[in-house]
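Asker: mmCIF, C-alpha atoms and all ligand atoms, saved as model_11.cif, coming up:
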data_upload
#
loop_
_atom_site.label_atom_id
_atom_site.label_comp_id
_atom_site.auth_asym_id
_atom_site.auth_seq_id
_atom_site.Cartn_x
_atom_site.Cartn_y
_atom_site.Cartn_z
CA MET M 1 50.86 22.45 -42.43
CA SER M 2 53.21 20.47 -44.66
CA THR M 3 56.94 20.53 -44.27
CA SER M 4 59.79 18.76 -45.98
CA PHE M 5 60.62 16.92 -42.80
CA ILE M 6 58.89 14.97 -40.05
CA TYR M 7 59.35 16.60 -36.68
CA LEU M 8 59.02 14.23 -33.73
CA ASP M 9 60.96 16.27 -31.18
CA ASN M 10 58.19 18.41 -29.72
CA ALA M 11 59.44 17.90 -26.16
CA ALA M 12 62.62 19.77 -27.15
CA THR M 13 60.77 22.65 -28.76
CA THR M 14 57.73 23.27 -30.92
CA ARG M 15 56.89 25.26 -34.00
CA THR M 16 55.42 28.62 -33.05
CA ALA M 17 51.79 28.47 -34.20
CA PRO M 18 51.09 30.74 -37.20
CA GLU M 19 48.23 32.34 -35.24
CA VAL M 20 50.74 33.15 -32.52
CA VAL M 21 53.25 34.64 -34.97
CA ASP M 22 50.49 36.80 -36.50
CA TYR M 23 49.44 37.95 -33.07
CA MET M 24 53.03 38.87 -32.13
CA LEU M 25 53.97 40.76 -35.29
CA PRO M 26 52.39 44.15 -34.47
CA TYR M 27 54.43 44.26 -31.25
CA PHE M 28 57.62 44.14 -33.30
CA GLY M 29 56.14 46.73 -35.67
CA GLU M 30 53.97 49.72 -34.99
CA GLU M 31 53.15 48.73 -31.41
CA TYR M 32 56.73 48.86 -30.17
CA GLY M 33 56.05 50.86 -27.01
CA ASN M 34 57.64 50.30 -23.64
CA PRO M 35 54.92 49.21 -21.20
CA SER M 36 56.47 51.40 -18.49
CA THR M 37 55.76 54.63 -20.38
CA VAL M 38 52.54 56.52 -19.82
CA TYR M 39 51.58 57.68 -23.34
CA GLY M 40 49.29 55.74 -25.65
CA LEU M 41 51.92 53.60 -27.37
CA GLY M 42 53.24 52.28 -24.07
CA GLY M 43 49.70 51.86 -22.82
CA ARG M 44 48.85 49.50 -25.66
CA ALA M 45 51.95 47.40 -24.98
CA LYS M 46 51.02 47.34 -21.32
CA LYS M 47 47.54 46.16 -22.22
CA ALA M 48 48.95 43.29 -24.30
CA VAL M 49 51.07 42.23 -21.33
CA ARG M 50 48.09 42.44 -19.01
CA MET M 51 45.89 40.38 -21.31
CA SER M 52 48.50 37.62 -21.53
CA ARG M 53 49.02 37.62 -17.80
CA ASP M 54 45.26 37.24 -17.29
CA ILE M 55 44.97 34.34 -19.77
CA ILE M 56 47.92 32.53 -18.20
CA ALA M 57 46.74 33.07 -14.63
CA LYS M 58 43.30 31.71 -15.49
CA ALA M 59 44.85 28.68 -17.19
CA ILE M 60 46.32 27.49 -13.88
CA ASN M 61 43.62 28.91 -11.58
CA ALA M 62 45.92 31.59 -10.21
CA SER M 63 45.42 35.32 -9.98
CA SER M 64 47.22 37.66 -12.36
CA GLU M 65 49.42 39.19 -9.62
CA GLU M 66 50.92 35.75 -9.05
CA ILE M 67 52.37 35.45 -12.58
CA PHE M 68 55.91 36.76 -13.18
CA PHE M 69 57.24 36.67 -16.73
CA THR M 70 60.79 35.38 -17.18
CA SER M 71 63.02 34.41 -20.11
CA GLY M 72 61.84 30.79 -19.97
CA GLY M 73 61.70 27.58 -18.00
CA THR M 74 65.37 27.63 -17.08
CA GLU M 75 65.21 31.09 -15.52
CA SER M 76 62.00 30.21 -13.68
CA ASP M 77 63.61 27.11 -12.20
CA ASN M 78 66.72 29.09 -11.22
CA TRP M 79 64.62 31.74 -9.50
CA ALA M 80 62.41 29.24 -7.68
CA LEU M 81 65.31 27.22 -6.28
CA ILE M 82 67.83 29.94 -5.53
CA GLY M 83 65.16 32.42 -4.42
CA ALA M 84 63.54 29.96 -2.04
CA ALA M 85 66.90 28.86 -0.62
CA GLU M 86 67.92 32.46 0.07
CA MET M 87 64.54 33.44 1.45
CA LEU M 88 64.48 30.53 3.89
CA LYS M 89 68.15 30.22 4.80
CA ASP M 90 67.44 31.04 8.44
CA LYS M 91 64.75 28.39 8.61
CA GLY M 92 66.76 25.48 7.24
CA ASN M 93 69.11 24.16 4.60
CA HIS M 94 67.47 20.97 3.33
CA ILE M 95 65.79 20.57 -0.06
CA ILE M 96 63.94 17.53 -1.38
CA THR M 97 63.84 16.92 -5.13
CA THR M 98 64.02 13.94 -7.48
CA SER M 99 66.71 12.28 -9.51
CA ILE M 100 64.72 12.77 -12.74
CA GLU M 101 64.38 16.55 -12.77
CA HIS M 102 65.44 18.65 -15.73
CA HIS M 103 69.01 19.94 -15.57
CA ALA M 104 67.61 23.43 -14.85
CA VAL M 105 66.58 22.08 -11.44
CA LEU M 106 69.40 19.59 -10.88
CA GLU M 107 72.22 22.04 -11.64
CA ASN M 108 70.78 24.55 -9.18
CA CYS M 109 70.52 21.85 -6.54
CA GLU M 110 74.18 21.02 -7.10
CA TYR M 111 75.05 24.71 -6.85
CA LEU M 112 73.18 24.95 -3.55
CA ARG M 113 74.80 21.73 -2.31
CA ASN M 114 78.20 23.32 -2.89
CA ASN M 115 77.02 26.30 -0.86
CA GLY M 116 75.96 24.67 2.36
CA TYR M 117 72.57 23.16 1.49
CA GLU M 118 71.70 19.49 1.75
CA ILE M 119 69.77 17.89 -1.08
CA THR M 120 67.79 14.65 -0.99
CA TYR M 121 67.18 13.17 -4.42
CA ILE M 122 64.15 10.86 -4.35
CA GLN M 123 64.37 7.94 -6.78
CA PRO M 124 61.36 7.00 -8.94
CA ASP M 125 60.10 3.44 -9.37
CA ASN M 126 60.67 1.77 -12.73
CA THR M 127 57.64 3.50 -14.26
CA GLY M 128 59.16 6.88 -13.39
CA ARG M 129 56.66 7.59 -10.62
CA ILE M 130 57.80 9.42 -7.49
CA ASP M 131 56.10 7.97 -4.42
CA PRO M 132 54.62 10.76 -2.26
CA GLU M 133 55.34 8.60 0.81
CA ALA M 134 59.06 8.69 -0.05
CA ILE M 135 58.88 12.49 -0.11
CA LYS M 136 57.13 12.46 3.26
CA LYS M 137 59.78 10.21 4.80
CA ALA M 138 62.57 12.48 3.60
CA ILE M 139 61.17 15.54 5.41
CA ARG M 140 63.34 16.87 8.24
CA PRO M 141 62.84 19.82 10.61
CA GLU M 142 65.24 21.82 8.42
CA THR M 143 63.49 21.05 5.11
CA ILE M 144 62.61 24.31 3.36
CA LEU M 145 61.63 23.29 -0.16
CA ILE M 146 60.25 20.36 -2.14
CA SER M 147 60.70 20.55 -5.92
CA VAL M 148 59.13 17.82 -8.05
CA MET M 149 58.40 18.17 -11.77
CA MET M 150 54.82 17.85 -12.96
CA ALA M 151 55.75 15.78 -16.02
CA ASN M 152 59.07 14.41 -17.16
CA ASN M 153 60.56 15.56 -20.46
CA GLU M 154 62.21 12.25 -21.38
CA ILE M 155 59.67 9.56 -20.55
CA GLY M 156 56.54 11.67 -20.07
CA ILE M 157 55.53 10.36 -16.64
CA ILE M 158 53.08 12.65 -14.86
CA GLU M 159 54.00 12.88 -11.18
CA PRO M 160 51.41 12.88 -8.36
CA VAL M 161 52.02 16.55 -7.62
CA ALA M 162 48.66 17.12 -5.89
CA LYS M 163 49.55 14.49 -3.27
CA ILE M 164 53.10 15.78 -2.93
CA GLY M 165 51.77 19.33 -2.63
CA ALA M 166 49.39 18.26 0.14
CA ILE M 167 52.27 16.69 2.06
CA ALA M 168 54.33 19.86 1.65
CA ARG M 169 51.44 21.99 2.86
CA ASP M 170 50.74 19.75 5.88
CA ASN M 171 54.36 20.16 6.88
CA GLY M 172 54.61 23.88 6.22
CA ILE M 173 57.13 23.39 3.41
CA LEU M 174 57.23 25.35 0.16
CA PHE M 175 56.37 23.29 -2.94
CA HIS M 176 57.75 24.10 -6.41
CA THR M 177 56.95 22.21 -9.59
CA ASP M 178 58.66 22.41 -12.98
CA ALA M 179 55.57 22.25 -15.21
CA VAL M 180 57.35 23.13 -18.45
CA GLN M 181 56.24 19.89 -20.17
CA ALA M 182 52.79 19.96 -18.60
CA PHE M 183 51.60 23.54 -19.06
CA GLY M 184 49.19 23.73 -22.00
CA HIS M 185 49.18 19.95 -22.37
CA ILE M 186 47.41 18.72 -19.24
CA ALA M 187 45.06 20.49 -16.81
CA ILE M 188 46.74 22.40 -13.97
CA ASP M 189 45.12 23.93 -10.89
CA VAL M 190 47.61 25.45 -8.48
CA ASP M 191 45.04 25.51 -5.67
CA ALA M 192 43.77 21.95 -6.04
CA MET M 193 47.36 20.76 -6.46
CA ASN M 194 48.73 22.73 -3.48
CA ILE M 195 51.41 24.33 -5.61
CA ASP M 196 53.34 27.34 -4.25
CA MET M 197 55.60 27.97 -7.25
CA LEU M 198 55.36 26.73 -10.82
CA SER M 199 57.68 27.09 -13.82
CA ALA M 200 56.49 27.12 -17.43
CA SER M 201 57.86 28.08 -20.84
CA GLY M 202 56.36 29.37 -24.10
CA HIS M 203 58.16 27.26 -26.65
CA LYS M 204 56.90 23.90 -25.39
CA LEU M 205 53.29 24.75 -26.30
CA ASN M 206 53.66 26.24 -29.79
CA GLY M 207 54.55 29.64 -28.37
CA PRO M 208 57.75 31.62 -28.86
CA LYS M 209 61.15 30.83 -27.36
CA GLY M 210 62.73 33.00 -24.68
CA ILE M 211 59.58 33.62 -22.68
CA GLY M 212 58.31 31.83 -19.60
CA PHE M 213 56.79 32.54 -16.25
CA LEU M 214 57.16 31.68 -12.60
CA TYR M 215 53.94 31.47 -10.63
CA ILE M 216 54.55 32.56 -7.02
CA ARG M 217 51.66 32.13 -4.63
CA GLN M 218 50.45 35.35 -3.03
CA GLY M 219 52.02 35.91 0.37
CA ILE M 220 55.35 34.28 -0.46
CA LYS M 221 57.83 37.11 0.00
CA MET M 222 60.44 35.81 -2.39
CA ASP M 223 63.03 38.40 -3.41
CA ALA M 224 63.80 39.48 -6.96
CA TYR M 225 66.24 37.28 -8.86
CA ILE M 226 66.94 39.87 -11.57
CA ARG M 227 67.25 43.35 -10.10
CA GLY M 228 67.00 46.67 -11.93
CA GLY M 229 64.20 48.92 -13.10
CA GLY M 230 61.54 47.24 -11.02
CA GLN M 231 59.33 45.66 -13.69
CA GLU M 232 57.02 42.74 -12.85
CA ARG M 233 56.06 44.36 -9.53
CA ARG M 234 59.74 44.71 -8.57
CA ARG M 235 60.25 40.95 -8.70
CA ARG M 236 61.79 40.57 -12.16
CA SER M 237 63.39 43.63 -13.70
CA GLY M 238 64.10 44.31 -17.35
CA THR M 239 61.92 45.84 -20.07
CA GLU M 240 59.19 43.33 -20.79
CA ASN M 241 59.52 41.04 -23.82
CA VAL M 242 56.23 42.37 -25.15
CA PRO M 243 56.03 40.31 -28.38
CA GLY M 244 57.06 37.21 -26.45
CA ILE M 245 54.56 37.80 -23.67
CA ALA M 246 51.78 38.53 -26.18
CA GLY M 247 52.63 35.35 -28.08
CA PHE M 248 52.82 33.29 -24.91
CA GLY M 249 49.32 34.46 -23.98
CA LYS M 250 47.97 33.60 -27.43
CA ALA M 251 49.69 30.19 -27.37
CA THR M 252 48.19 29.50 -23.94
CA GLU M 253 44.72 30.44 -25.14
CA LEU M 254 45.02 28.09 -28.15
CA ALA M 255 46.41 25.26 -26.03
CA ILE M 256 43.69 25.56 -23.38
CA ASP M 257 40.87 25.85 -25.93
CA ASN M 258 42.00 22.71 -27.76
CA MET M 259 43.45 20.74 -24.86
CA GLU M 260 41.00 17.85 -24.69
CA THR M 261 40.75 17.21 -28.43
CA GLU M 262 44.52 17.46 -28.78
CA GLN M 263 45.08 15.10 -25.84
CA SER M 264 43.00 12.37 -27.44
CA ARG M 265 44.30 12.97 -30.98
CA ILE M 266 47.94 12.90 -29.88
CA THR M 267 47.41 9.92 -27.57
CA GLU M 268 45.98 7.99 -30.52
CA LEU M 269 48.99 8.85 -32.66
CA LYS M 270 51.33 7.77 -29.89
CA ASN M 271 49.50 4.51 -29.28
CA HIS M 272 49.49 3.76 -33.00
CA MET M 273 53.21 4.44 -33.20
CA ALA M 274 53.92 2.27 -30.16
CA GLU M 275 51.81 -0.61 -31.44
CA ARG M 276 53.50 -0.61 -34.83
CA ILE M 277 57.00 -0.35 -33.37
CA LEU M 278 56.40 -3.23 -30.94
CA ALA M 279 54.84 -5.37 -33.68
CA GLU M 280 57.40 -4.71 -36.38
CA ILE M 281 60.71 -4.24 -34.61
CA PRO M 282 61.93 -7.28 -32.67
CA GLY M 283 63.42 -6.42 -29.30
CA ALA M 284 61.89 -2.93 -29.10
CA VAL M 285 60.76 -2.06 -25.55
CA ILE M 286 59.00 1.07 -24.26
CA ASN M 287 60.88 2.92 -21.53
CA GLY M 288 58.46 3.93 -18.77
CA GLY M 289 55.06 3.33 -20.35
CA ILE M 290 52.23 4.81 -22.37
CA GLY M 291 49.14 4.71 -20.10
CA ASP M 292 47.15 7.58 -18.63
CA GLU M 293 49.90 8.38 -16.16
CA TYR M 294 52.06 9.58 -19.09
CA LEU M 295 51.87 12.72 -21.22
CA PRO M 296 49.97 12.17 -24.47
CA GLY M 297 52.89 13.02 -26.76
CA ILE M 298 56.03 11.33 -25.40
CA LEU M 299 57.17 7.88 -26.48
CA ASN M 300 60.58 6.63 -25.34
CA VAL M 301 61.74 3.32 -26.82
CA ARG M 302 64.88 1.23 -26.61
CA PHE M 303 66.00 -0.81 -29.59
CA ASP M 304 67.91 -3.94 -28.69
CA GLY M 305 71.58 -3.35 -29.42
CA LYS M 306 71.05 -0.49 -31.89
CA GLN M 307 72.97 2.62 -30.84
CA SER M 308 70.59 5.57 -30.62
CA GLU M 309 73.07 8.08 -32.04
CA THR M 310 73.41 5.96 -35.17
CA THR M 311 69.67 5.46 -35.56
CA MET M 312 69.05 9.14 -35.02
CA ILE M 313 71.52 10.05 -37.76
CA MET M 314 69.97 7.51 -40.16
CA LEU M 315 66.53 8.96 -39.46
CA ASP M 316 67.95 12.44 -39.94
CA MET M 317 69.14 11.40 -43.42
CA GLN M 318 65.48 10.71 -44.20
CA ASN M 319 64.50 14.08 -42.67
CA ILE M 320 62.90 12.52 -39.62
CA TYR M 321 63.81 14.26 -36.40
CA CYS M 322 63.72 12.75 -32.95
CA SER M 323 65.94 12.78 -29.90
CA ALA M 324 68.51 10.44 -28.41
CA GLY M 325 68.45 11.04 -24.67
CA SER M 326 67.46 14.55 -23.68
CA ALA M 327 67.98 17.39 -26.14
CA CYS M 328 69.96 19.43 -23.68
CA SER M 329 72.69 16.82 -23.55
CA THR M 330 72.90 16.30 -27.30
CA GLY M 331 76.50 16.68 -28.32
CA SER M 332 77.62 14.80 -25.27
CA ILE M 333 77.14 11.06 -25.08
CA ASP M 334 76.09 11.05 -21.45
CA VAL M 335 73.70 8.31 -20.51
CA SER M 336 70.31 9.77 -19.66
CA HIS M 337 69.99 10.31 -15.89
CA VAL M 338 66.26 9.66 -16.22
CA LEU M 339 66.58 6.26 -17.91
CA LYS M 340 69.26 5.33 -15.39
CA ALA M 341 66.94 6.32 -12.53
CA ILE M 342 64.15 4.04 -13.77
CA GLY M 343 66.52 1.11 -13.75
CA ILE M 344 67.56 0.91 -17.39
CA SER M 345 71.12 -0.26 -17.92
CA ASP M 346 73.66 2.07 -19.53
CA SER M 347 73.81 -0.10 -22.61
CA ASP M 348 70.03 -0.18 -23.01
CA ALA M 349 69.83 3.57 -22.39
CA GLN M 350 72.27 4.09 -25.23
CA THR M 351 69.83 2.43 -27.64
CA SER M 352 66.90 4.62 -26.57
CA LEU M 353 65.13 7.21 -28.67
CA ARG M 354 62.50 9.73 -27.66
CA PHE M 355 59.73 10.50 -30.12
CA SER M 356 57.62 13.45 -29.04
CA ILE M 357 54.43 14.12 -30.95
CA GLY M 358 52.89 17.57 -31.25
CA ARG M 359 50.15 19.69 -32.74
CA TYR M 360 51.22 19.49 -36.38
CA ASN M 361 51.95 15.78 -36.61
CA THR M 362 49.64 13.64 -38.71
CA LEU M 363 48.92 9.91 -38.86
CA ALA M 364 50.61 9.80 -42.28
CA GLU M 365 53.79 11.24 -40.73
CA ILE M 366 53.74 8.72 -37.91
CA ASP M 367 53.41 5.89 -40.43
CA MET M 368 56.26 7.24 -42.55
CA ALA M 369 58.45 7.55 -39.46
CA VAL M 370 57.72 3.97 -38.38
CA ASP M 371 58.32 2.71 -41.94
CA ALA M 372 61.72 4.40 -41.90
CA LEU M 373 62.52 3.15 -38.41
CA SER M 374 61.60 -0.43 -39.13
CA GLY M 375 63.58 -0.22 -42.38
CA ILE M 376 66.66 0.83 -40.41
CA MET M 377 66.13 -1.68 -37.61
CA ASN M 378 65.35 -4.60 -39.86
CA GLY M 379 68.37 -3.94 -42.06
CA ARG M 380 66.51 -2.77 -45.13
CA ARG M 381 68.59 0.40 -45.14
C1 LIG M 401 62.49 22.58 -21.79
C2 LIG M 401 62.44 22.36 -20.33
C3 LIG M 401 63.00 23.30 -19.43
C4 LIG M 401 63.75 24.52 -19.91
O1 LIG M 401 62.88 25.49 -20.46
P1 LIG M 401 63.50 26.63 -21.40
O2 LIG M 401 62.35 27.54 -21.65
O3 LIG M 401 63.97 25.93 -22.63
O4 LIG M 401 64.59 27.29 -20.65
C5 LIG M 401 62.89 23.07 -18.09
N1 LIG M 401 62.26 21.97 -17.62
C6 LIG M 401 61.70 21.06 -18.44
C7 LIG M 401 61.00 19.88 -17.85
C8 LIG M 401 61.78 21.22 -19.81
O5 LIG M 401 61.25 20.30 -20.62
#
Please express what this file holds, its structure, as structure tokens.
Answerer:
Amino acid sequence: MSTSFIYLDNAATTRTAPEVVDYMLPYFGEEYGNPSTVYGLGGRAKKAVRMSRDIIAKAINASSEEIFFTSGGTESDNWALIGAAEMLKDKGNHIITTSIEHHAVLENCEYLRNNGYEITYIQPDNTGRIDPEAIKKAIRPETILISVMMANNEIGIIEPVAKIGAIARDNGILFHTDAVQAFGHIAIDVDAMNIDMLSASGHKLNGPKGIGFLYIRQGIKMDAYIRGGGQERRRRSGTENVPGIAGFGKATELAIDNMETEQSRITELKNHMAERILAEIPGAVINGGIGDEYLPGILNVRFDGKQSETTMIMLDMQNIYCSAGSACSTGSIDVSHVLKAIGISDSDAQTSLRFSIGRYNTLAEIDMAVDALSGIMNGRR
């Protein structure tokens, strides 16, 4: 799939796969029924929703009744945090999370903190890893929820969620994970990983934007977050986003079917990019790392004394797209809270760029991007 630009910002969003678009189109067209209606048209929409729910449930070893479609990762995180806090307010008011969560988790923690809850933010080590023992030590009698992301969107570290989940379970505490960067990219098993709630989003795995899900383990009586007509078994009202749900299911199927080959292909591209950058650009240093404990596609690099905003704009002029800091804070020049948390100074953080490699990137593109980058860094442009 050739384009007139090189897109290395797949952690921010991805191109919807053409197979996914094709699969969605009928649900905008002749199959426009409302799944809640009983005649044939609605029945076919309902079937599309059911098929997607089944594919997604299977992908994380859950059952279909545990999948609740939402508008995306942000809504799922909001529901998990606020819903759990409300559900368990008589049990306690303490929540354990990390300092490197996505803003969709952090902002809700701050909201809860302003409303009588106490939040402990666990700090990672300088690789980005959250130590399960640190989580364990932070547990109090009034702890009601632990929320730790499965993989970080800025540096790609994969957290030891199975161990953290086991600690949560041993202590009778609910465990939520933001798996938006992980779902469809690395294997997930909610049972083996002791996960009670999990957030995911369609547009990070070559699916459509504006669709996500929250997995809620059977037996957890969490209340609705969006109330109304009673869709999604009364837990998340609103007429279903049928094209989005259909596309999310198709995207999940494609991602799961090709996961292993894509993992190794993308890891090779990343390693090649890292090797060339380190060899050709003096002073370049990888933030976090690139081993097995990181997602295949994320490479975060700081460039000695070169402001990331400037580099990003110079790359943009050559139609090469990447990210300075996290995409959600673009427009503001805030220093990344993630880089800060792994011990990188403000000035080094401000020279950092995130390259995130995805399904449609080729080796030729990676080479062109590094050529451009080294041209900029070595003053040839
Ligand atoms: C993108 C992202 C989100 C937000 O998901 P949306 O579907 O864009 O709302 C949440 N958490 C992480 C880790 C993300 O990367």
Asker: So that each row is one residue of chain M with an atom at most 6 Å from ligand LIG 401 (chain M), can you give its shortest atom pair and the distance in Å to one decimal, using all atoms listed in the file, rows by chain and rising number, as CSV?
Answerer:
residue,atom,partner,partner_atom,distance
M:Gly72,CA,M:LIG401,O2,3.7
M:Gly73,CA,M:LIG401,O1,3.4
M:Thr74,CA,M:LIG401,O4,3.7
M:His102,CA,M:LIG401,N1,5.0
M:Ala104,CA,M:LIG401,C5,5.7
M:Asn152,CA,M:LIG401,C7,5.8
M:Asn153,CA,M:LIG401,O5,4.8
M:Asp178,CA,M:LIG401,N1,5.9
M:Val180,CA,M:LIG401,C6,4.8
M:Gln181,CA,M:LIG401,O5,5.0
M:Ser201,CA,M:LIG401,O2,4.6
Asker: Pick from M:Ala57, M:Ile376, M:Ile82, M:Ile158: nearest to Ile313 (chain M), with all atoms listed in the file counted?
Answerer: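 Of M:Ala57, M:Ile376, M:Ile82, M:Ile158, the one nearest Ile313 (chain M), counting all atoms listed in the file, is M:Ile376.
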Asker: Excluding Ile366 (chain M) and residues on its chain fewer than 3 positions from it, collect all residues at most 9 Å away from it, counting all atoms listed in the file, and give them as a PyMOL selection string.
Answerer: chain M and resi 6+8+269-270+272-273+357+361-363+369-371
Asker: I'd like a table as a tab-separated table: residues in region 95-206 of chain M with an atom no more than 8 Å from region 341-350 of chain M, each row giving the shortest atom pair and its distance in Å to one decimal, only C-alpha atoms counted, sorted by chain and rising residue number.
Answerer:
residue	atom	partner	partner_atom	distance
M:Ser99	CA	M:Ala341	CA	6.7
M:Ile100	CA	M:Ala341	CA	6.8
M:Gln123	CA	M:Ala341	CA	6.5
M:Pro124	CA	M:Ile342	CA	6.3
M:Asp125	CA	M:Ile342	CA	6.0
M:Asn126	CA	M:Ile342	CA	4.3
M:Thr127	CA	M:Ile342	CA	6.6
M:Gly128	CA	M:Ile342	CA	5.8
Asker: Hey, what's within 7 Å of Asn93 (chain M) if we count only C-alpha atoms and toss same-chain stuff fewer than 3 positions away? As a PDB file with C-alpha atoms, keeping the file's coordinate frame, please?
Answerer:
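Result went into result00.pdb, see below:
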ATOM      1  CA  LYS M  89      68.150  30.220   4.800  1.00  0.00           C
ATOM      2  CA  TYR M 117      72.570  23.160   1.490  1.00  0.00           C
ATOM      3  CA  GLU M 118      71.700  19.490   1.750  1.00  0.00           C
ATOM      4  CA  GLU M 142      65.240  21.820   8.420  1.00  0.00           C
ATOM      5  CA  THR M 143      63.490  21.050   5.110  1.00  0.00           C
ATOM      6  CA  ILE M 144      62.610  24.310   3.360  1.00  0.00           C
TER       7      ILE M 144
END
Asker: Can you complete the atoms of region 276-282 of chain M to all heavy atoms and list them as a PDB file, in the frame of the given file?
Answerer:
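Output contents, as saved in rebuild39.pdb:
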ATOM      1  N   ARG M 276      52.763  -0.203 -33.623  1.00  0.00           N
ATOM      2  CA  ARG M 276      53.500  -0.610 -34.830  1.00  0.00           C
ATOM      3  C   ARG M 276      54.953  -0.933 -34.517  1.00  0.00           C
ATOM      4  O   ARG M 276      55.495  -1.912 -35.014  1.00  0.00           O
ATOM      5  CB  ARG M 276      53.420   0.487 -35.898  1.00  0.00           C
ATOM      6  CG  ARG M 276      52.169   0.401 -36.778  1.00  0.00           C
ATOM      7  CD  ARG M 276      52.362   1.157 -38.087  1.00  0.00           C
ATOM      8  NE  ARG M 276      53.461   0.613 -38.896  1.00  0.00           N
ATOM      9  CZ  ARG M 276      53.969   1.203 -39.971  1.00  0.00           C
ATOM     10  NH1 ARG M 276      53.489   2.364 -40.378  1.00  0.00           N
ATOM     11  NH2 ARG M 276      54.961   0.654 -40.641  1.00  0.00           N
ATOM     12  N   ILE M 277      55.586  -0.104 -33.692  1.00  0.00           N
ATOM     13  CA  ILE M 277      57.000  -0.350 -33.370  1.00  0.00           C
ATOM     14  C   ILE M 277      57.151  -1.711 -32.681  1.00  0.00           C
ATOM     15  O   ILE M 277      58.011  -2.519 -33.050  1.00  0.00           O
ATOM     16  CB  ILE M 277      57.565   0.788 -32.479  1.00  0.00           C
ATOM     17  CG1 ILE M 277      57.757   2.064 -33.315  1.00  0.00           C
ATOM     18  CG2 ILE M 277      58.881   0.372 -31.820  1.00  0.00           C
ATOM     19  CD1 ILE M 277      58.183   3.290 -32.506  1.00  0.00           C
ATOM     20  N   LEU M 278      56.282  -1.966 -31.698  1.00  0.00           N
ATOM     21  CA  LEU M 278      56.400  -3.230 -30.940  1.00  0.00           C
ATOM     22  C   LEU M 278      56.107  -4.426 -31.842  1.00  0.00           C
ATOM     23  O   LEU M 278      56.711  -5.490 -31.693  1.00  0.00           O
ATOM     24  CB  LEU M 278      55.469  -3.213 -29.733  1.00  0.00           C
ATOM     25  CG  LEU M 278      55.784  -2.148 -28.664  1.00  0.00           C
ATOM     26  CD1 LEU M 278      54.779  -2.211 -27.519  1.00  0.00           C
ATOM     27  CD2 LEU M 278      57.211  -2.266 -28.129  1.00  0.00           C
ATOM     28  N   ALA M 279      55.194  -4.260 -32.796  1.00  0.00           N
ATOM     29  CA  ALA M 279      54.840  -5.370 -33.680  1.00  0.00           C
ATOM     30  C   ALA M 279      55.896  -5.624 -34.750  1.00  0.00           C
ATOM     31  O   ALA M 279      56.133  -6.763 -35.155  1.00  0.00           O
ATOM     32  CB  ALA M 279      53.483  -5.099 -34.335  1.00  0.00           C
ATOM     33  N   GLU M 280      56.540  -4.571 -35.196  1.00  0.00           N
ATOM     34  CA  GLU M 280      57.400  -4.710 -36.380  1.00  0.00           C
ATOM     35  C   GLU M 280      58.891  -4.723 -36.095  1.00  0.00           C
ATOM     36  O   GLU M 280      59.678  -5.093 -36.965  1.00  0.00           O
ATOM     37  CB  GLU M 280      57.088  -3.563 -37.366  1.00  0.00           C
ATOM     38  CG  GLU M 280      55.659  -3.641 -37.899  1.00  0.00           C
ATOM     39  CD  GLU M 280      55.271  -2.407 -38.723  1.00  0.00           C
ATOM     40  OE1 GLU M 280      56.137  -1.844 -39.405  1.00  0.00           O
ATOM     41  OE2 GLU M 280      54.088  -2.017 -38.636  1.00  0.00           O
ATOM     42  N   ILE M 281      59.269  -4.292 -34.902  1.00  0.00           N
ATOM     43  CA  ILE M 281      60.710  -4.240 -34.610  1.00  0.00           C
ATOM     44  C   ILE M 281      61.038  -5.169 -33.447  1.00  0.00           C
ATOM     45  O   ILE M 281      60.752  -4.856 -32.288  1.00  0.00           O
ATOM     46  CB  ILE M 281      61.158  -2.778 -34.319  1.00  0.00           C
ATOM     47  CG1 ILE M 281      60.794  -1.887 -35.517  1.00  0.00           C
ATOM     48  CG2 ILE M 281      62.650  -2.730 -34.013  1.00  0.00           C
ATOM     49  CD1 ILE M 281      61.006  -0.410 -35.284  1.00  0.00           C
ATOM     50  N   PRO M 282      61.627  -6.328 -33.741  1.00  0.00           N
ATOM     51  CA  PRO M 282      61.930  -7.280 -32.670  1.00  0.00           C
ATOM     52  C   PRO M 282      62.864  -6.665 -31.632  1.00  0.00           C
ATOM     53  O   PRO M 282      63.823  -5.970 -31.987  1.00  0.00           O
ATOM     54  CB  PRO M 282      62.643  -8.430 -33.413  1.00  0.00           C
ATOM     55  CG  PRO M 282      62.268  -8.264 -34.849  1.00  0.00           C
ATOM     56  CD  PRO M 282      62.054  -6.808 -35.072  1.00  0.00           C
TER      57      PRO M 282
END
